[in-house]
Amino acid sequence: MTCAFFRFVLLIGAAATLAAGAVQHPLAANVTIRRDNYGVPHILAKSEEAAAFGMGWAQAEDHCIEIARRFVGSRGDQAKYLGGSPDSDFFVKRYGVYSRSKANFSKLSPVLQAMMTAYADAFNLYVETHREDLPSWIPKFDAIDVVAQGRAQITRFAFPRAVIDTIVKKYPESGGVASIAPPREELPWGSNMWAIAPSRSKSGHAMLLGNPHQPWAALYWEAQITVPGKINFFGGTFVGSPVLTTGFNEHLGWTHTVNYPDLDDIYVLNRDPEHTDHYIYDGKSMPLSKSSIDVEVRQPDGTLKTVTRTYEDTHLGPVVHHTKDRVFALKSATLAASEYAEEWYALSKASNWNEFHSILKRNEIPMFNLTYADAAGNIFYLWNGTVPKRIDDGTDYRFEVPGDPKHVWTSLHSTDELPQLFDPKGGYVQNCNAPPWWTSLTDPLDPSKYPSYFEPGRPLSLRTMMSLRLLESQPKLSLADIQRLKFDPHVLLADRVKPDLLAAIRAVQPRNPVLTRAAAILDAWDNTSAAKSRGAALFLRFWETYSHAVPQPYARPWSQRNATSTPVGLSEPRVALDHLEKAMDWMRTNYGSEDAVYGDIYRIRLGDVDLPADGTDGIYGSFHVLQYARAKDGKYVAGTVDPEKPFAGGGDGWIMTIEFAKPVTAYSLLAYGETSDPKSRHSTDQARLFADHQFKPVRFYERDIQSHLERKYHPGE
């Protein structure tokens, strides 16, 4: 009775503390956020709805202002609240990011609907209780805003920007009704992922490497969600979502890389010469419908100005471009998708391969390669996508498509029809944004067995070749090996072209002292972008200018017949030497020495932290990918270039390695920390780990969470 009495007193005390210190919400007492010593939240809740409430509060603590920006942007109200160009708002409204989210909300299960609502409620509560510390422009949000933010992320990846750009160049615009200008991204997208079978594992357990490459400003965020009897999952997501999109539970895990399925077709339709506001389809004249979109733009004096643009639509979809004689209409599987968050969430609750595979067959996630591993020792690769089922008659669906009934698709390929590998004999699967055919050197997939429009003509990247080389470098791997190889700084491009470059220098008569000095630097260079390397910065500068100066920089371009040994050599050695001389001068002028140390030029900067970096862009054949922006002092920086602006640079940011032993062993690393709050040590506390190629243990089990607990609280306290 005494113990029961004390439990009663503790419960009353906890409730009183919550009531005294916060604005009330009925879900707050049903979720506890436990922050570990790196600030990672482990969310323990009595219901899935309460867990989503905890996610909303914890993400608001870490990235409130950025999430608010994303929410208003997903409404098409960015210019209304923040000013600037209305182009992105017109894009959002034109393609129904918010309106489609609202229309499809009822398709989500009651659980997901409740989770989206709870997340928004928690975010609003955080803003309400911290109003004096936050910008006054942040409005209230609801569940539709949360769904729309997820739709905006999918559209960011999958929208056919490059296709529209190509069509606009091929068919110059003639004026009239507005064409849409897709927003641009500063950095290419990419990622690495591996799954290792027990046959290739030193421990006999399956292992997984997740290594997404995104702009650091995209803000990955990691957490654990635990609802006893429902879910226990650790993973990551972009901020603004209550659903983790990659990670692991006790039984299995998966990760993604960006792939390039053709999810959209742009149909070219001839205008009716007798009625220019009509187009011809299947021999019939059909009217173009017009719609006007209004965007409010905040002016420097704080007033709002309404900007209106008018667009055209066809029965196939929106007109993305037009000329005097033609209209180009978009039919999109990307825009039609609605339940991808549902599928990700269901995957996180799967307990074995059969359950996981059954959920994948829903085919709701519009794109992304997927790599999987589990405690039973299975590994799996899927080239995933909601890919339209087209007539395969030689039509090149990458560009404009004839606007006739036979080319207008009406269904999607099933998951079973997509390229995939389950438990291959080679003992691994990998993908670094390459086409699926080279997932394993031992177990290649035959593209002739699939439709010709499944990633046609895309070459194997140097980064993927480096990935395969690392995997084939030793017969078996440990988790520590995977972590070491993840940070391998080798630059495969140097192996391919440096011999020709050095041979060209030695052939110069009379000898050129600048080139002789360059040869000495490059000959001594170890072909890595290690922080202490001398020669890497010179080589990268040379290649950057030379490769853009000639139509084809390689003596032997990439060919499918020699997929892993090409490209190789220099197509124009004399031009290359000219650019090498210029690179030598550039290095002297900017950094005082032609062989300046790589880490003196390339830096990781987060707040007051300033560390030497290594790694370079994957286009150079680096598995350790880091991309930089140039700072005012001439250094190349990943992280903080301007304290008033989002992070610059990208590439390796969030990394996770998992071994499905008993218990599961996992390590992760979030280079820019769990929070963007500069007052928190967790905004910089993983930067040194990242620079030193070290990982932090994932605190997945209760005993580890409790022994590394920094803070424990209810939302709103």
# chains A, B, ... in the order shown; residues from 1 in each chain; ligands from 1
>>> select_by_dssp(residues="segment 514-654 of chain A", states="helix (DSSP H, G or I)", output="MDAnalysis selection string")
chainID A and resid 514:524 536:549 573:591 598:601 618:620
>>> residues_around(residues="Gly427 of chain A", least_positions_apart="6", cutoff="12 Å", atoms="only C-alpha atoms", output="MDAnalysis selection string")
chainID A and resid 194:201 204:207 373 377:381 421 439:443 471:472 475:477
>>> closest_residue(among="A:Lys305, A:Thr516, A:Phe700, A:Gln483", to="Gly84 of chain A", atoms="only C-alpha atoms")
A:Lys305
>>> closest_residue(among="A:Val40, A:Leu462, A:Leu330, A:Ala519", to="Asp500 of chain A", atoms="only C-alpha atoms")
A:Ala519
>>> residues_around(residues="segment 575-588 of chain A", least_positions_apart="5", cutoff="12 Å", atoms="only C-alpha atoms", output="ChimeraX atom specification")
/A:497-498,500-508,512-519,521-522,534-555,569-570,593-598,601,634-635
>>> write_last_selection(atoms="C-alpha atoms", output="PDB file, in the first residue's frame")
ATOM      1  CA  VAL A 497      43.610  10.519 -66.136  1.00  0.00           C
ATOM      2  CA  LYS A 498      46.752  11.339 -64.146  1.00  0.00           C
ATOM      3  CA  ASP A 500      48.090  10.637 -69.384  1.00  0.00           C
ATOM      4  CA  LEU A 501      48.577  14.044 -67.791  1.00  0.00           C
ATOM      5  CA  LEU A 502      52.044  13.177 -66.496  1.00  0.00           C
ATOM      6  CA  ALA A 503      53.003  11.589 -69.830  1.00  0.00           C
ATOM      7  CA  ALA A 504      51.928  14.749 -71.665  1.00  0.00           C
ATOM      8  CA  ILE A 505      54.088  16.892 -69.372  1.00  0.00           C
ATOM      9  CA  ARG A 506      57.145  14.706 -69.939  1.00  0.00           C
ATOM     10  CA  ALA A 507      56.662  14.918 -73.694  1.00  0.00           C
ATOM     11  CA  VAL A 508      56.917  18.732 -73.688  1.00  0.00           C
ATOM     12  CA  ASN A 512      58.372  23.920 -69.085  1.00  0.00           C
ATOM     13  CA  PRO A 513      59.377  24.748 -65.473  1.00  0.00           C
ATOM     14  CA  VAL A 514      55.762  25.360 -64.361  1.00  0.00           C
ATOM     15  CA  LEU A 515      54.632  22.031 -65.774  1.00  0.00           C
ATOM     16  CA  THR A 516      57.698  20.285 -64.382  1.00  0.00           C
ATOM     17  CA  ARG A 517      56.770  21.588 -60.941  1.00  0.00           C
ATOM     18  CA  ALA A 518      53.149  20.452 -61.511  1.00  0.00           C
ATOM     19  CA  ALA A 519      54.378  16.979 -62.465  1.00  0.00           C
ATOM     20  CA  ILE A 521      53.372  17.709 -57.171  1.00  0.00           C
ATOM     21  CA  LEU A 522      50.987  15.327 -58.929  1.00  0.00           C
ATOM     22  CA  ARG A 534      49.105  17.974 -51.149  1.00  0.00           C
ATOM     23  CA  GLY A 535      48.146  17.978 -54.814  1.00  0.00           C
ATOM     24  CA  ALA A 536      44.403  17.295 -54.518  1.00  0.00           C
ATOM     25  CA  ALA A 537      43.362  20.944 -54.666  1.00  0.00           C
ATOM     26  CA  LEU A 538      45.546  21.513 -57.732  1.00  0.00           C
ATOM     27  CA  PHE A 539      44.169  18.470 -59.532  1.00  0.00           C
ATOM     28  CA  LEU A 540      40.527  19.321 -58.801  1.00  0.00           C
ATOM     29  CA  ARG A 541      40.991  22.884 -60.031  1.00  0.00           C
ATOM     30  CA  PHE A 542      42.645  21.600 -63.208  1.00  0.00           C
ATOM     31  CA  TRP A 543      39.851  19.145 -63.942  1.00  0.00           C
ATOM     32  CA  GLU A 544      37.099  21.645 -63.194  1.00  0.00           C
ATOM     33  CA  THR A 545      38.296  24.024 -65.906  1.00  0.00           C
ATOM     34  CA  TYR A 546      39.616  21.479 -68.423  1.00  0.00           C
ATOM     35  CA  SER A 547      36.485  19.288 -68.389  1.00  0.00           C
ATOM     36  CA  HIS A 548      34.301  22.304 -69.149  1.00  0.00           C
ATOM     37  CA  ALA A 549      36.559  23.533 -71.949  1.00  0.00           C
ATOM     38  CA  VAL A 550      36.317  20.480 -74.217  1.00  0.00           C
ATOM     39  CA  PRO A 551      33.261  18.611 -75.513  1.00  0.00           C
ATOM     40  CA  GLN A 552      34.582  15.236 -74.351  1.00  0.00           C
ATOM     41  CA  PRO A 553      37.446  15.282 -71.814  1.00  0.00           C
ATOM     42  CA  TYR A 554      38.302  11.563 -71.933  1.00  0.00           C
ATOM     43  CA  ALA A 555      40.350   9.693 -74.527  1.00  0.00           C
ATOM     44  CA  GLY A 569      42.668   9.022 -70.471  1.00  0.00           C
ATOM     45  CA  LEU A 570      42.740  12.581 -71.816  1.00  0.00           C
ATOM     46  CA  SER A 593      51.391  27.617 -53.017  1.00  0.00           C
ATOM     47  CA  GLU A 594      50.601  25.197 -55.828  1.00  0.00           C
ATOM     48  CA  ASP A 595      50.640  22.275 -53.411  1.00  0.00           C
ATOM     49  CA  ALA A 596      48.684  23.875 -50.562  1.00  0.00           C
ATOM     50  CA  VAL A 597      47.320  21.352 -48.065  1.00  0.00           C
ATOM     51  CA  TYR A 598      43.797  20.251 -48.940  1.00  0.00           C
ATOM     52  CA  ILE A 601      41.554  25.185 -48.242  1.00  0.00           C
ATOM     53  CA  GLY A 634      38.479  32.171 -50.347  1.00  0.00           C
ATOM     54  CA  LYS A 635      38.158  28.907 -48.439  1.00  0.00           C
TER      55      LYS A 635
END
>>> residues_around(residues="Tyr98 of chain A", least_positions_apart="2", cutoff="9 Å", atoms="only C-alpha atoms", output="ChimeraX atom specification")
/A:74-76,92-93,95-96,100-103,144-145,147-149,151-152
>>> write_last_selection(atoms="N, CA, C and O atoms", output="compact mmCIF listing (two decimals), in the first residue's frame")
# COMPACT_ATOMS: atom_id res chain seq x y z
N SER A 74 5.12 25.34 -48.56
CA SER A 74 4.29 24.26 -49.10
C SER A 74 2.86 24.71 -49.31
O SER A 74 2.11 24.06 -50.05
N ARG A 75 2.46 25.79 -48.68
CA ARG A 75 1.15 26.39 -48.96
C ARG A 75 1.18 27.25 -50.23
O ARG A 75 0.14 27.61 -50.76
N GLY A 76 2.37 27.64 -50.65
CA GLY A 76 2.49 28.64 -51.70
C GLY A 76 2.42 30.04 -51.15
O GLY A 76 2.03 30.98 -51.84
N VAL A 92 4.33 25.88 -56.55
CA VAL A 92 3.61 25.09 -55.55
C VAL A 92 2.11 25.09 -55.84
O VAL A 92 1.44 24.04 -55.79
N LYS A 93 1.56 26.25 -56.15
CA LYS A 93 0.13 26.34 -56.39
C LYS A 93 -0.25 25.74 -57.75
O LYS A 93 -1.30 25.10 -57.89
N TYR A 95 1.06 23.25 -59.30
CA TYR A 95 1.07 21.79 -59.28
C TYR A 95 0.39 21.20 -58.05
O TYR A 95 0.53 20.02 -57.77
N GLY A 96 -0.35 22.03 -57.34
CA GLY A 96 -1.26 21.53 -56.31
C GLY A 96 -0.60 20.87 -55.12
O GLY A 96 -1.15 19.92 -54.56
N ARG A 100 -3.69 19.33 -53.50
CA ARG A 100 -3.76 17.87 -53.63
C ARG A 100 -3.62 17.19 -52.28
O ARG A 100 -4.23 16.15 -52.03
N SER A 101 -2.79 17.77 -51.40
CA SER A 101 -2.65 17.21 -50.06
C SER A 101 -3.98 17.27 -49.31
O SER A 101 -4.36 16.32 -48.61
N LYS A 102 -4.67 18.38 -49.48
CA LYS A 102 -5.98 18.53 -48.83
C LYS A 102 -7.00 17.57 -49.42
O LYS A 102 -7.75 16.90 -48.69
N ALA A 103 -7.02 17.47 -50.73
CA ALA A 103 -8.00 16.60 -51.40
C ALA A 103 -7.79 15.13 -51.08
O ALA A 103 -8.75 14.35 -51.02
N ILE A 144 -2.90 19.43 -42.82
CA ILE A 144 -2.68 19.53 -44.27
C ILE A 144 -1.32 20.15 -44.56
O ILE A 144 -0.64 19.76 -45.51
N ASP A 145 -0.90 21.09 -43.73
CA ASP A 145 0.43 21.68 -43.92
C ASP A 145 1.52 20.63 -43.76
O ASP A 145 2.53 20.65 -44.48
N VAL A 147 1.23 17.34 -44.31
CA VAL A 147 1.19 16.48 -45.49
C VAL A 147 1.77 17.20 -46.69
O VAL A 147 2.54 16.63 -47.48
N ALA A 148 1.43 18.48 -46.85
CA ALA A 148 1.92 19.25 -48.01
C ALA A 148 3.43 19.40 -47.98
O ALA A 148 4.08 19.37 -49.04
N GLN A 149 4.00 19.54 -46.80
CA GLN A 149 5.46 19.64 -46.71
C GLN A 149 6.11 18.36 -47.24
O GLN A 149 7.12 18.41 -47.95
N ARG A 151 4.74 16.35 -49.47
CA ARG A 151 4.54 16.37 -50.92
C ARG A 151 5.55 17.28 -51.59
O ARG A 151 6.06 16.98 -52.68
N ALA A 152 5.85 18.40 -50.96
CA ALA A 152 6.84 19.32 -51.53
C ALA A 152 8.20 18.66 -51.64
O ALA A 152 8.93 18.87 -52.61
>>> residues_around(residues="segment 268-278 of chain A", least_positions_apart="3", cutoff="12 Å", atoms="only C-alpha atoms", output="PyMOL selection string")
chain A and resi 164+167+171+176-177+265+281-290+312-331+397+399-405+407-408
>>> atom_distance(atom1="atom CA of Ala494 of chain A", atom2="atom CA of Trp437 of chain A")
25.1 Å
>>> residues_around(residues="segment 216-227 of chain A", least_positions_apart="6", cutoff="6 Å", atoms="only C-alpha atoms", output="ChimeraX atom specification")
/A:40-47,233-238,646-647,650
>>> closest_residue(among="A:Lys632, A:Lys486, A:Arg69, A:Arg390", to="Leu209 of chain A", atoms="only C-alpha atoms")
A:Lys486
>>> residues_around(residues="Gly385 of chain A", least_positions_apart="3", cutoff="7 Å", atoms="only C-alpha atoms", output="list of chain:residue names")
A:Pro261, A:Ile365, A:Pro366, A:Met367, A:Phe368
>>> closest_residue(among="A:Asp77, A:Glu339, A:Asp617, A:Asp692", to="Arg484 of chain A", atoms="only C-alpha atoms")
A:Asp692
>>> closest_residue(among="A:Leu669, A:Glu61, A:Pro510, A:Met193", to="Asp685 of chain A", atoms="only C-alpha atoms")
A:Leu669
>>> atom_distance(atom1="atom CA of Ser358 of chain A", atom2="atom CA of Pro160 of chain A")
29.3 Å
>>> select_by_dssp(residues="segment 285-434 of chain A", states="strand (DSSP E)", output="ChimeraX atom specification")
/A:285-287,289-298,304-313,319-322,326-332,369-374,379-383,400-402,420-422,428-431
>>> closest_residue(among="A:Thr566, A:Thr589, A:Ser473, A:Thr684", to="Ile604 of chain A", atoms="only C-alpha atoms")
A:Thr684
